[in-house]
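Written out below as structure tokens is the structure these notes cover.
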Amino acid sequence: MSTVKIPSSIVTLLIGILLTLASLWYGQNHGLMPVAASEEAELVDGLFDAMMTIGFGLFLLVEGALVYSAIRFRRKDGDEGDGEHLEGNIPLEIVWTAIPAVVVLGISIYSFDIYTRMGGLELMDHDMGGPTKTVEVAYAADAVTGGSTTALGELPLEDQVSEAGLGVSPDAVDEGLSVDVQGLQYAFIFNYPNGIVDGELHVPAGQPVRINLNAQDVLHAFWLPEFRIKQDMIPGQETKLVINANREGTYPVVCAELCGPYHGGMRTQLIVHSPEDYDAWVAERLAALDTGETVASVPSVKSDRTHTARTDAEYLEPFVEPLQLAVAPERLAALRASAEDSAMTHHSHAH
Amino acid sequence: MTTTSKPKTPLPEEPKMLLGNERKWTDYFTFCTDHKVIGIQYLVTAFFFYLVGGALATVMRTELATPAPDIVTPDVYNGILTLHGTVMLFLWIVPAGAGLANYLIPLMIGARDMAFPRLNAIAFWLIPPSGLMLIGSFFFEPPSAGWTSYPPLSLTTGALGEGIWIMSILVGGTASILGGLNFLVTILKMRVPSMPLTKMPLFCWAMIATSLLILISTPVLAGALILLAFDLLAGTAFFNPTGGGNPVVYQHMFWFYSHPAVYIFVLPLFGAISDVIAVHARKPIFGYRAIAYSSIVISFLGLIVWAHHMFTSGTPPWLRMFFMITTMVIAVPTGIKVFGWVATLWRGKIAYTSAMLFALGFIALFLIGGISGVMLAAVPFDIHVHDTYFVVAHFHYVLFGASVFGIFMSVYHWFPKMTGRMMNEFWGKIHFVLTFVGMNLTFMPMHELGLRGMNRRIALYDPQFTDLNVLATIGSYIMAVSTIPFLINAIWSWRYGKKAPANPWRALTLEWQTLSPPELENFEELPVLKTGPYDYGLGYIAEEDPEELYAHAVPAPVS
Amino acid sequence: MQGSINTTAEGTLNLAQEEAHGHHEEHPDHRMFGILVFLCAESMLFLGLFVAYITFRLVATEWPPEGTPELEILLPGINSLILISSSFVIHKADTAAKQDDSKGVLTWFGITAIMGAIFLLGQGYEYANLEFGLRENLFASTFYVLTGFHGLHVFVGLLLMLAVLWRNRDPKHYSSENHFGIEAVELYWHFVDVIWIILFVLLYLW
Ligand code: HEA
Ligand code: HEA
Ligand code: CUA
Ligand SMILES: [Cu+2]
């Protein structure tokens, strides 16, 4: 046994330094987040790293104390006595009330700051008495299971513009690209200016893009993991977002609010182009629009009353392969059949 | 005073005599108004539903072992998911907490029964129908909008199943309100005269806080569900946007209950662990008053944070900031508790009983869930991880790590009192190790899954997430296996376990100062407090089996 | 207590305790406190519904929604007066009970019950003559659900009163010492009254 005894204050100090270093290191090197592809994402990651640092430090501190006392203060065999009668220690209790208070205050202020910088606090112009739209609700489930579903009916709906978006900076409100996104079971439909409609989101890098969210049937949520942005899509309530992509690439777009059995299949892609590529894409789509080719293949929300049935089959199909989706073949067949059905009725109407 | 190590059993072996304190098993199937019977009825019923909920979870995990929905179809998956969440919360955690409260409160405060015994029995007997309805709903048109049952989705998944689901929660909620009423009145009005509020065991403090939450928030859930039922069955449009209704109002009403509910789930166990730790570390609880009052503070704060579940729901920005701050503040009173528990262990004499092991696991895991909770409260971060597996990880750490570990801890600790038998410690330890390992293996990877982009409530997922999901599935199997030693241990010990002395842990609280199990009306004579609940280290040595307890107990022949 | 342990044992234990400590006498009555706590919880149910109504109303672009006919105030106003005054009447019953006046209890409870019944009939009449149905629009739905839910409470109150009157057939059933039933019903009735006042202001006057 060594006779050199290190004073406990020094031990505490050492432990404190080690703990701080470990947390600082972990906070920077956890590698848990996917790539950050937008300005907002970098802000959120900064906050997350800070919270990981604090959280990891607290974790080490408390778990350390727990494990230490669990080992160090074991009851010796045959010791039937009590520990010391220690009912509390007011200064100590004040310290451990104050520290978390300060910590959470710090995190709150930091979060508030990030949130403001993401544009979360900027109020949107809310013209409550927007145009009256008719929301048509049809359930894909109806076509398959037959009747068990309560239809929500077709009622005129006042469109409310919610103030609850994110990322709106005043200069971005009126200029730049603006995309309307419709959520429906189980797809996102993106409506671009000039009548381009697509199932994928294409945006140019390096400029703010306005996204206007709305839903057709039930709640959905529009999530861009690489942008750290998520917003519920509420039927009859338009919500606005502004995103600032700064990294070209292809990223997932995910529906994050339970919206029915195929909620898990409700995902698509966000393609961030260079501005030139984006213009090229637009030109290509416009040309296609003129010849009327693609429009038919992409369900258009506003004109087609039977979109849901079609979209269902269409949007599930691409997932069947890569995900080995066990959509019962009968179900896909049923969906397809109902889509054809309605296409046929559509035709006869046209006659 | 001497410490006797062997329990004395005044029971003659043959013919079998009842001491008058042991219940026949058939008593547990009657409308009995004895709080001890009701407590055990609650606990056993709740545990049954835990097995059901756990079996459902195992199916879900099996399904999630591969990216494709190959075990069950996605619609069935959603039904299972909804049932898992609802069963675990409304039929496992809530009744289990109520069971502990029923059993312990009168004993701890020296009362002969609850304030309203008949009401108490009624409350319990509402649980089985509620549970049967809930499980039954699965076989009609499974409610499959998650335990949150957000409209408009919940209005479209089939009226019959959803209707039964709503009825079931209403019945269960009524039971919970009646229980809370009973707990509150009993604790406030029926303590032995020598027990001021500040000499109550901390479990009773926690139950005051819990009961207040139950009484204030559960009725609002009932309101929400009644309106939802009208939408569903009568065709109104309170929450249906196509009729001019507002689905977000439902979310507010739902979370006004369901956030406080998470403290209803955990506060009773916060109370229980404060009692268990002090006994098994043989040290007074550190900062009695701070821990007692922090329960009340938590329940107050718990009422004003609900919208942190709705940061992406289109709530106005100022509201999000308000709820972010109030939510974070809850870390302060909760921290007071956690630090108090650790400080209680510090320089104690820790006995490695199964109860203590589960208590240690409780603190260790709750800490993780608490820290991730505070992260979730930060709005910009929550926007990213809301409705992802990060949230699933958070709430299983608090729900499983704290509430379920807490319930196991309580069972190991109070089993001797409840049944008069000791549980097997060896198998208790096996149970602990398997559960602890399985739990972390299952839920730790979910943090990363959520951060990387896996959303919750999906039966099919992107193949890039496969590895971590497989890990989680393996963990869940370990957890499933871990339940078996516990089950066998509990059943076997109840029947054949070593006879328990009155006070096997030599504790100072009142429930241990009577027979194990306690006689019909709990105490031979109304007890007078000689010590505070946690006066360890002052020289009081509680006897394991004081002779005088048996003096009046009259053996009764079996009829 | 059914199904408890062996009768002999129970008898023995109980007897011993009762003789030794007589705890049954010292069992204080917490029922009124219980009722009070219960009513607090009950008021949270109404509070939730009120707040939902207020939110619907504040969020809506137009309230009441286009095409909702004006609500008639006169009849519900008279109805409210009847309900509110019945709170004073029922208090007289309580006073009577405290003076061991079983006849008084009969009279005052009887009058209160009749007033409650008139209120319910009035409400039924109003329902029958309203121009909108439950599903007409959000206002109509909230109107019916809120008033209906309150009406249900009035109805329960009526049943409770009838129960008290039934027991009151035995003039000694309620006495100055023991009149929990009367007091409880009275408290409940006041509660129902207060809820109505809030409802009336919210639905008819605001
Ligand atoms: C027992 C149940 C329980 C408990 C106790 C908690 C406790 C907490 N929860 Fe959790 N929560 C749930 C159950 C629970 N939660 C459930 C079920 C959901 C999901 C519901 C659903 O959508 O289905 C959820 C979801 C949830 C969300 C929403 C996430 C989302 O959907 O986007 C948030 C956001 O703020 C949150 C926060 C918190 C916080 C801040 C605490 C705090 O109370 C934690 C406080 C504790 C500590 C912090 C640890 C100890 C403290 C210290 C050691 C002091 C020092 C610490 C610091 C300074 C940080 N929870
Ligand atoms: C106290 C509450 C509680 C508890 C204890 C658990 C326990 C478990 N939970 Fe649960 N969970 C919730 C509450 C709880 N959960 C809630 C509220 C949700 C959200 C629901 C929603 O989104 O709406 C959820 C959601 C949820 C999900 C997310 C699903 C999704 O979003 O798609 C997952 C996924 O892995 C999961 C897994 C598990 C597992 C593996 C366990 C394990 O710990 C279970 C361990 C127990 C056992 C395994 C039982 C052992 C016994 C047997 C296996 C034998 C069976 C025999 C017979 C029945 C005779 N849970
Ligand atoms: Cu759309 Cu989930
Ligand atoms: Cu919460």
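A note on labels: chains of the structure tokens are A, B, ... as shown, every chain counts residues from 1, and ligands are counted from 1 in their shown order.
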At a cut-off of 10 Å, which residues of chain C touch chain A? Count only C-alpha atoms and give the answer as JSON, numbers by chain. {"C": [59, 60, 61, 62]}
Contacts to ligand 2 at 7 Å cut-off (only C-alpha atoms and all ligand atoms) as a ChimeraX atom specification: /B:50-55,57-58,60-61,81-82,84-86,88-89,92-93,146-148,389,392,396,399-400,403-404,439,442,456-459,476-477,479-481,483
Excluding region 188-193 of chain A and its own-chain neighbours fewer than 6 positions away, which residues fall within 10 Å of it when counting only C-alpha atoms? Please give them as a short mmCIF file (atom, residue, chain, number, x, y, z; two decimals) with all heavy atoms, in the first residue's frame.
data_model
loop_
_atom_site.label_atom_id
_atom_site.label_comp_id
_atom_site.auth_asym_id
_atom_site.auth_seq_id
_atom_site.Cartn_x
_atom_site.Cartn_y
_atom_site.Cartn_z
N LEU A 177 -38.12 31.36 -55.16
CA LEU A 177 -38.97 30.23 -55.50
C LEU A 177 -39.96 29.93 -54.38
O LEU A 177 -39.63 30.04 -53.20
CB LEU A 177 -38.07 29.01 -55.74
CG LEU A 177 -38.77 27.69 -56.02
CD1 LEU A 177 -39.61 27.77 -57.27
CD2 LEU A 177 -37.74 26.59 -56.13
N SER A 178 -41.14 29.58 -54.75
CA SER A 178 -42.15 29.21 -53.77
C SER A 178 -42.83 27.94 -54.24
O SER A 178 -43.31 27.88 -55.36
CB SER A 178 -43.13 30.37 -53.63
OG SER A 178 -44.26 29.94 -52.94
N VAL A 179 -42.84 26.95 -53.38
CA VAL A 179 -43.42 25.66 -53.77
C VAL A 179 -44.59 25.34 -52.84
O VAL A 179 -44.46 25.44 -51.62
CB VAL A 179 -42.36 24.54 -53.67
CG1 VAL A 179 -42.95 23.22 -54.15
CG2 VAL A 179 -41.13 24.88 -54.45
N ASP A 180 -45.70 24.95 -53.41
CA ASP A 180 -46.83 24.51 -52.60
C ASP A 180 -46.75 23.01 -52.42
O ASP A 180 -46.63 22.29 -53.41
CB ASP A 180 -48.16 24.84 -53.29
CG ASP A 180 -48.42 26.33 -53.29
OD1 ASP A 180 -47.78 27.02 -52.48
OD2 ASP A 180 -49.25 26.78 -54.10
N VAL A 181 -46.84 22.57 -51.19
CA VAL A 181 -46.76 21.14 -50.94
C VAL A 181 -48.09 20.66 -50.38
O VAL A 181 -48.59 21.20 -49.41
CB VAL A 181 -45.64 20.80 -49.93
CG1 VAL A 181 -45.47 19.30 -49.84
CG2 VAL A 181 -44.36 21.47 -50.32
N GLN A 182 -48.62 19.65 -51.02
CA GLN A 182 -49.84 19.02 -50.53
C GLN A 182 -49.48 17.67 -49.94
O GLN A 182 -48.79 16.89 -50.59
CB GLN A 182 -50.80 18.79 -51.69
CG GLN A 182 -51.56 20.02 -52.15
CD GLN A 182 -52.72 20.33 -51.24
OE1 GLN A 182 -53.19 19.46 -50.51
NE2 GLN A 182 -53.16 21.57 -51.26
N GLY A 199 -43.66 14.82 -57.98
CA GLY A 199 -43.67 14.05 -56.75
C GLY A 199 -42.39 14.20 -55.97
O GLY A 199 -42.24 13.61 -54.90
N GLU A 200 -41.45 14.96 -56.51
CA GLU A 200 -40.19 15.19 -55.79
C GLU A 200 -39.96 16.67 -55.65
O GLU A 200 -40.47 17.47 -56.43
CB GLU A 200 -39.02 14.57 -56.58
CG GLU A 200 -39.02 13.06 -56.53
CD GLU A 200 -37.94 12.47 -57.42
OE1 GLU A 200 -37.36 13.23 -58.21
OE2 GLU A 200 -37.70 11.26 -57.30
N LEU A 201 -39.18 17.00 -54.64
CA LEU A 201 -38.91 18.41 -54.40
C LEU A 201 -37.56 18.76 -55.02
O LEU A 201 -36.53 18.19 -54.65
CB LEU A 201 -38.92 18.68 -52.90
CG LEU A 201 -38.62 20.12 -52.46
CD1 LEU A 201 -39.56 21.10 -53.13
CD2 LEU A 201 -38.72 20.25 -50.95
N HIS A 202 -37.59 19.68 -55.98
CA HIS A 202 -36.34 20.15 -56.59
C HIS A 202 -36.13 21.60 -56.18
O HIS A 202 -37.03 22.42 -56.35
CB HIS A 202 -36.43 20.08 -58.12
CG HIS A 202 -36.53 18.68 -58.63
ND1 HIS A 202 -35.46 18.01 -59.16
CD2 HIS A 202 -37.57 17.82 -58.68
CE1 HIS A 202 -35.84 16.79 -59.53
NE2 HIS A 202 -37.12 16.65 -59.25
N ILE A 211 -41.78 27.30 -48.80
CA ILE A 211 -42.56 26.08 -48.89
C ILE A 211 -43.90 26.36 -48.21
O ILE A 211 -43.93 26.78 -47.05
CB ILE A 211 -41.86 24.93 -48.13
CG1 ILE A 211 -40.40 24.83 -48.54
CG2 ILE A 211 -42.62 23.65 -48.27
CD1 ILE A 211 -40.10 23.82 -49.57
N ASN A 212 -44.97 26.13 -48.89
CA ASN A 212 -46.29 26.31 -48.28
C ASN A 212 -46.94 24.95 -48.10
O ASN A 212 -47.18 24.25 -49.08
CB ASN A 212 -47.17 27.18 -49.16
CG ASN A 212 -46.48 28.47 -49.51
OD1 ASN A 212 -45.89 29.11 -48.65
ND2 ASN A 212 -46.49 28.82 -50.79
N LEU A 213 -47.18 24.61 -46.86
CA LEU A 213 -47.65 23.25 -46.57
C LEU A 213 -49.15 23.23 -46.38
O LEU A 213 -49.73 24.10 -45.73
CB LEU A 213 -46.98 22.74 -45.29
CG LEU A 213 -45.46 22.72 -45.31
CD1 LEU A 213 -44.94 22.44 -43.91
CD2 LEU A 213 -44.96 21.68 -46.28
N ASN A 214 -49.75 22.19 -46.90
CA ASN A 214 -51.16 21.97 -46.64
C ASN A 214 -51.43 20.48 -46.77
O ASN A 214 -50.63 19.76 -47.36
CB ASN A 214 -52.01 22.74 -47.64
CG ASN A 214 -53.34 23.14 -47.01
OD1 ASN A 214 -53.86 22.42 -46.16
ND2 ASN A 214 -53.87 24.27 -47.42
N ALA A 215 -52.51 20.03 -46.18
CA ALA A 215 -52.80 18.61 -46.27
C ALA A 215 -54.21 18.43 -46.79
O ALA A 215 -55.07 19.29 -46.66
CB ALA A 215 -52.66 17.94 -44.91
N HIS A 220 -50.29 15.22 -41.71
CA HIS A 220 -49.00 14.67 -42.13
C HIS A 220 -47.94 15.60 -41.57
O HIS A 220 -48.26 16.63 -40.99
CB HIS A 220 -48.89 14.64 -43.66
CG HIS A 220 -49.96 13.84 -44.32
ND1 HIS A 220 -49.85 12.49 -44.52
CD2 HIS A 220 -51.17 14.19 -44.80
CE1 HIS A 220 -50.96 12.05 -45.12
NE2 HIS A 220 -51.78 13.07 -45.29
N ALA A 221 -46.70 15.23 -41.74
CA ALA A 221 -45.66 16.18 -41.36
C ALA A 221 -44.56 16.12 -42.40
O ALA A 221 -44.23 15.07 -42.92
CB ALA A 221 -45.11 15.86 -39.98
N PHE A 222 -44.04 17.29 -42.68
CA PHE A 222 -43.05 17.45 -43.72
C PHE A 222 -41.69 17.53 -43.04
O PHE A 222 -41.41 18.48 -42.31
CB PHE A 222 -43.36 18.74 -44.48
CG PHE A 222 -42.38 19.10 -45.55
CD1 PHE A 222 -42.40 18.46 -46.78
CD2 PHE A 222 -41.45 20.12 -45.34
CE1 PHE A 222 -41.50 18.81 -47.77
CE2 PHE A 222 -40.56 20.47 -46.33
CZ PHE A 222 -40.59 19.82 -47.55
N VAL A 253 -37.20 13.09 -48.07
CA VAL A 253 -38.30 13.88 -47.52
C VAL A 253 -39.21 12.86 -46.86
O VAL A 253 -39.61 11.89 -47.48
CB VAL A 253 -39.09 14.61 -48.63
CG1 VAL A 253 -40.26 15.35 -48.03
CG2 VAL A 253 -38.18 15.53 -49.41
N VAL A 254 -39.51 13.07 -45.60
CA VAL A 254 -40.18 12.02 -44.84
C VAL A 254 -41.46 12.57 -44.24
O VAL A 254 -41.49 13.70 -43.76
CB VAL A 254 -39.26 11.49 -43.72
CG1 VAL A 254 -39.93 10.38 -42.94
CG2 VAL A 254 -37.93 11.02 -44.28
N CYS A 255 -42.51 11.75 -44.25
CA CYS A 255 -43.70 12.13 -43.51
C CYS A 255 -43.53 11.65 -42.08
O CYS A 255 -43.29 10.48 -41.83
CB CYS A 255 -44.96 11.51 -44.11
SG CYS A 255 -46.41 11.77 -43.06
N MET A 266 -44.57 6.83 -46.92
CA MET A 266 -44.78 8.19 -47.42
C MET A 266 -43.47 8.97 -47.33
O MET A 266 -43.23 9.70 -46.40
CB MET A 266 -45.89 8.88 -46.62
CG MET A 266 -46.21 10.27 -47.12
SD MET A 266 -47.76 10.84 -46.44
CE MET A 266 -47.66 12.58 -46.84
N ARG A 267 -42.64 8.74 -48.32
CA ARG A 267 -41.39 9.50 -48.36
C ARG A 267 -41.03 9.74 -49.81
O ARG A 267 -41.47 9.04 -50.69
CB ARG A 267 -40.27 8.76 -47.62
CG ARG A 267 -40.44 7.26 -47.61
CD ARG A 267 -39.29 6.45 -47.04
NE ARG A 267 -38.72 6.85 -45.80
CZ ARG A 267 -37.42 7.14 -45.68
NH1 ARG A 267 -36.64 7.12 -46.73
NH2 ARG A 267 -36.92 7.44 -44.51
N THR A 268 -40.27 10.77 -50.01
CA THR A 268 -39.82 11.04 -51.37
C THR A 268 -38.45 11.70 -51.28
O THR A 268 -37.78 11.56 -50.25
CB THR A 268 -40.84 11.92 -52.12
OG1 THR A 268 -40.37 12.15 -53.44
CG2 THR A 268 -41.07 13.24 -51.42
N GLN A 269 -38.04 12.36 -52.35
CA GLN A 269 -36.70 12.90 -52.37
C GLN A 269 -36.69 14.41 -52.52
O GLN A 269 -37.55 14.99 -53.16
CB GLN A 269 -35.92 12.29 -53.52
CG GLN A 269 -35.57 10.85 -53.26
CD GLN A 269 -34.77 10.27 -54.38
OE1 GLN A 269 -34.87 10.73 -55.52
NE2 GLN A 269 -33.98 9.25 -54.08
N VAL A 282 -36.18 22.99 -64.73
CA VAL A 282 -37.44 23.70 -64.94
C VAL A 282 -37.76 23.76 -66.42
O VAL A 282 -38.88 23.48 -66.85
CB VAL A 282 -37.37 25.12 -64.35
CG1 VAL A 282 -38.60 25.94 -64.75
CG2 VAL A 282 -37.25 25.07 -62.85
N VAL A 298 -48.32 12.29 -63.27
CA VAL A 298 -48.26 12.78 -61.90
C VAL A 298 -49.65 13.25 -61.49
O VAL A 298 -50.27 14.03 -62.19
CB VAL A 298 -47.27 13.95 -61.79
CG1 VAL A 298 -47.22 14.45 -60.37
CG2 VAL A 298 -45.91 13.49 -62.25
N PRO A 299 -50.13 12.76 -60.41
CA PRO A 299 -51.48 13.13 -60.02
C PRO A 299 -51.52 14.61 -59.69
O PRO A 299 -50.70 15.10 -58.93
CB PRO A 299 -51.73 12.28 -58.77
CG PRO A 299 -50.38 11.91 -58.28
CD PRO A 299 -49.47 11.89 -59.45
N SER A 300 -52.44 15.27 -60.27
CA SER A 300 -52.57 16.67 -59.95
C SER A 300 -53.70 16.84 -58.94
O SER A 300 -54.80 16.36 -59.15
CB SER A 300 -52.87 17.46 -61.22
OG SER A 300 -53.61 18.60 -60.88
N VAL A 301 -53.37 17.47 -57.87
CA VAL A 301 -54.31 17.48 -56.77
C VAL A 301 -55.59 18.24 -57.11
O VAL A 301 -56.68 17.83 -56.78
CB VAL A 301 -53.65 18.15 -55.56
CG1 VAL A 301 -54.63 18.21 -54.43
CG2 VAL A 301 -52.43 17.36 -55.19
N THR A 311 -52.77 7.56 -56.42
CA THR A 311 -51.50 7.84 -55.79
C THR A 311 -51.08 6.68 -54.91
O THR A 311 -49.90 6.36 -54.82
CB THR A 311 -51.60 9.08 -54.89
OG1 THR A 311 -52.59 9.90 -55.44
CG2 THR A 311 -50.29 9.75 -54.80
N TYR A 315 -47.63 5.37 -55.50
CA TYR A 315 -46.58 5.73 -54.56
C TYR A 315 -46.08 4.56 -53.76
O TYR A 315 -45.00 4.62 -53.21
CB TYR A 315 -47.04 6.88 -53.67
CG TYR A 315 -46.72 8.17 -54.34
CD1 TYR A 315 -47.56 8.69 -55.31
CD2 TYR A 315 -45.52 8.80 -54.09
CE1 TYR A 315 -47.23 9.83 -55.98
CE2 TYR A 315 -45.19 9.95 -54.77
CZ TYR A 315 -46.05 10.46 -55.72
OH TYR A 315 -45.70 11.58 -56.38
#
Environment of ligand 1 within 6 Å, counting only C-alpha atoms and all ligand atoms, reported as a tab-separated table (two decimals) with N, CA and C atoms, in the first residue's frame:
chain	number	residue	atom	x	y	z
A	100	PRO	N	-28.54	23.11	-11.90
A	100	PRO	CA	-29.46	22.79	-13.00
A	100	PRO	C	-30.25	24.01	-13.45
A	103	VAL	N	-28.08	25.87	-15.72
A	103	VAL	CA	-27.87	25.12	-16.96
A	103	VAL	C	-29.09	25.23	-17.87
A	104	VAL	N	-30.27	24.98	-17.30
A	104	VAL	CA	-31.43	25.01	-18.19
A	104	VAL	C	-31.73	26.43	-18.67
B	262	VAL	N	-47.55	11.67	-17.54
B	262	VAL	CA	-46.24	11.03	-17.42
B	262	VAL	C	-45.73	11.16	-15.99
B	263	TYR	N	-46.13	12.20	-15.32
B	263	TYR	CA	-45.75	12.29	-13.90
B	263	TYR	C	-46.66	11.44	-13.04
B	265	PHE	N	-47.45	8.62	-14.00
B	265	PHE	CA	-46.80	7.32	-14.14
B	265	PHE	C	-45.59	7.20	-13.23
B	266	VAL	N	-44.88	8.29	-13.07
B	266	VAL	CA	-43.56	8.14	-12.45
B	266	VAL	C	-43.50	8.63	-11.01
B	308	HIS	N	-45.22	21.04	-25.19
B	308	HIS	CA	-43.93	20.61	-25.75
B	308	HIS	C	-44.08	19.35	-26.61
B	309	HIS	N	-45.27	18.78	-26.62
B	309	HIS	CA	-45.52	17.68	-27.55
B	309	HIS	C	-46.00	18.20	-28.89
B	327	THR	N	-40.89	23.67	-19.51
B	327	THR	CA	-40.49	22.27	-19.54
B	327	THR	C	-39.10	22.08	-18.96
B	328	MET	N	-38.20	22.96	-19.37
B	328	MET	CA	-36.82	22.80	-18.89
B	328	MET	C	-36.74	22.97	-17.39
B	330	ILE	N	-38.55	21.93	-15.20
B	330	ILE	CA	-38.84	20.70	-14.46
B	330	ILE	C	-37.57	19.94	-14.12
B	331	ALA	N	-36.51	20.16	-14.87
B	331	ALA	CA	-35.25	19.49	-14.54
B	331	ALA	C	-34.79	19.87	-13.13
B	332	VAL	N	-35.17	21.05	-12.66
B	332	VAL	CA	-34.66	21.49	-11.35
B	332	VAL	C	-35.25	20.67	-10.20
B	334	THR	N	-36.70	17.85	-10.36
B	334	THR	CA	-36.36	16.45	-10.56
B	334	THR	C	-34.90	16.20	-10.20
B	335	GLY	N	-34.06	17.16	-10.55
B	335	GLY	CA	-32.66	17.04	-10.18
B	335	GLY	C	-32.50	16.97	-8.67
B	338	VAL	N	-33.05	13.41	-7.78
B	338	VAL	CA	-31.99	12.50	-8.20
B	338	VAL	C	-30.75	12.70	-7.34
B	367	LEU	N	-32.02	8.96	-15.33
B	367	LEU	CA	-31.12	10.08	-15.63
B	367	LEU	C	-30.99	10.24	-17.15
B	370	GLY	N	-34.13	11.52	-18.58
B	370	GLY	CA	-34.35	12.91	-18.18
B	370	GLY	C	-33.51	13.85	-19.01
B	371	ILE	N	-32.26	13.48	-19.22
B	371	ILE	CA	-31.40	14.36	-20.02
B	371	ILE	C	-31.92	14.45	-21.45
B	373	GLY	N	-34.90	14.16	-22.27
B	373	GLY	CA	-36.12	14.95	-22.19
B	373	GLY	C	-35.82	16.44	-22.25
B	374	VAL	N	-34.79	16.86	-21.53
B	374	VAL	CA	-34.45	18.28	-21.55
B	374	VAL	C	-33.99	18.70	-22.94
B	376	LEU	N	-35.11	17.40	-25.67
B	376	LEU	CA	-36.34	17.49	-26.47
B	376	LEU	C	-37.07	18.80	-26.23
B	377	ALA	N	-36.90	19.32	-25.03
B	377	ALA	CA	-37.61	20.56	-24.72
B	377	ALA	C	-37.07	21.73	-25.53
B	382	ASP	N	-36.02	19.84	-31.00
B	382	ASP	CA	-37.21	18.99	-31.03
B	382	ASP	C	-37.83	18.98	-32.42
B	386	HIS	N	-38.74	15.40	-33.30
B	386	HIS	CA	-40.13	15.11	-32.96
B	386	HIS	C	-40.65	13.96	-33.82
B	387	ASP	N	-41.40	13.06	-33.18
B	387	ASP	CA	-41.97	11.91	-33.89
B	387	ASP	C	-40.90	11.03	-34.54
B	391	VAL	N	-37.45	10.19	-29.71
B	391	VAL	CA	-38.52	10.36	-28.71
B	391	VAL	C	-38.89	8.99	-28.11
B	395	PHE	N	-38.77	8.17	-24.12
B	395	PHE	CA	-39.86	7.82	-23.20
B	395	PHE	C	-39.75	6.39	-22.71
B	398	VAL	N	-37.55	6.76	-19.60
B	398	VAL	CA	-38.27	7.20	-18.41
B	398	VAL	C	-39.37	6.23	-17.99
B	399	LEU	N	-40.06	5.68	-19.00
B	399	LEU	CA	-41.17	4.80	-18.64
B	399	LEU	C	-40.69	3.43	-18.21
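You can rank A:Gly119, A:Gly88, A:Gly57, A:Gly176 by their closest distance to Trp25 (chain A) using only C-alpha atoms, and at the top of that list sits A:Gly57.
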What do you get as a PyMOL selection string if you pick all residues at most 8 Å from ligand 4, counting only C-alpha atoms and all ligand atoms? chain B and resi 255+258-260+262+302+305-309
Residues of the last selection are to be written out with N, CA and C atoms, as a short mmCIF file (atom, residue, chain, number, x, y, z; two decimals), in the first residue's frame.
data_model
loop_
_atom_site.label_atom_id
_atom_site.label_comp_id
_atom_site.auth_asym_id
_atom_site.auth_seq_id
_atom_site.Cartn_x
_atom_site.Cartn_y
_atom_site.Cartn_z
N TRP B 255 -53.00 16.56 -24.52
CA TRP B 255 -51.73 16.69 -23.80
C TRP B 255 -51.89 17.38 -22.47
N SER B 258 -52.18 14.29 -20.90
CA SER B 258 -51.16 13.26 -21.09
C SER B 258 -49.77 13.71 -20.75
N HIS B 259 -49.53 15.00 -20.73
CA HIS B 259 -48.23 15.32 -20.15
C HIS B 259 -48.24 15.11 -18.64
N PRO B 260 -49.17 15.74 -17.90
CA PRO B 260 -49.20 15.43 -16.46
C PRO B 260 -49.22 13.93 -16.21
N VAL B 262 -47.55 11.67 -17.54
CA VAL B 262 -46.24 11.03 -17.42
C VAL B 262 -45.73 11.16 -15.99
N GLY B 302 -45.84 20.34 -14.01
CA GLY B 302 -46.34 19.38 -14.99
C GLY B 302 -47.61 19.85 -15.67
N VAL B 305 -46.84 22.56 -19.08
CA VAL B 305 -45.80 22.32 -20.07
C VAL B 305 -46.31 21.53 -21.28
N TRP B 306 -47.62 21.26 -21.32
CA TRP B 306 -48.09 20.22 -22.24
C TRP B 306 -47.74 20.44 -23.71
N ALA B 307 -47.66 21.71 -24.12
CA ALA B 307 -47.51 21.92 -25.57
C ALA B 307 -46.11 21.56 -26.08
N HIS B 308 -45.22 21.04 -25.19
CA HIS B 308 -43.93 20.61 -25.75
C HIS B 308 -44.08 19.35 -26.61
N HIS B 309 -45.27 18.78 -26.62
CA HIS B 309 -45.52 17.68 -27.55
C HIS B 309 -46.00 18.20 -28.89
#
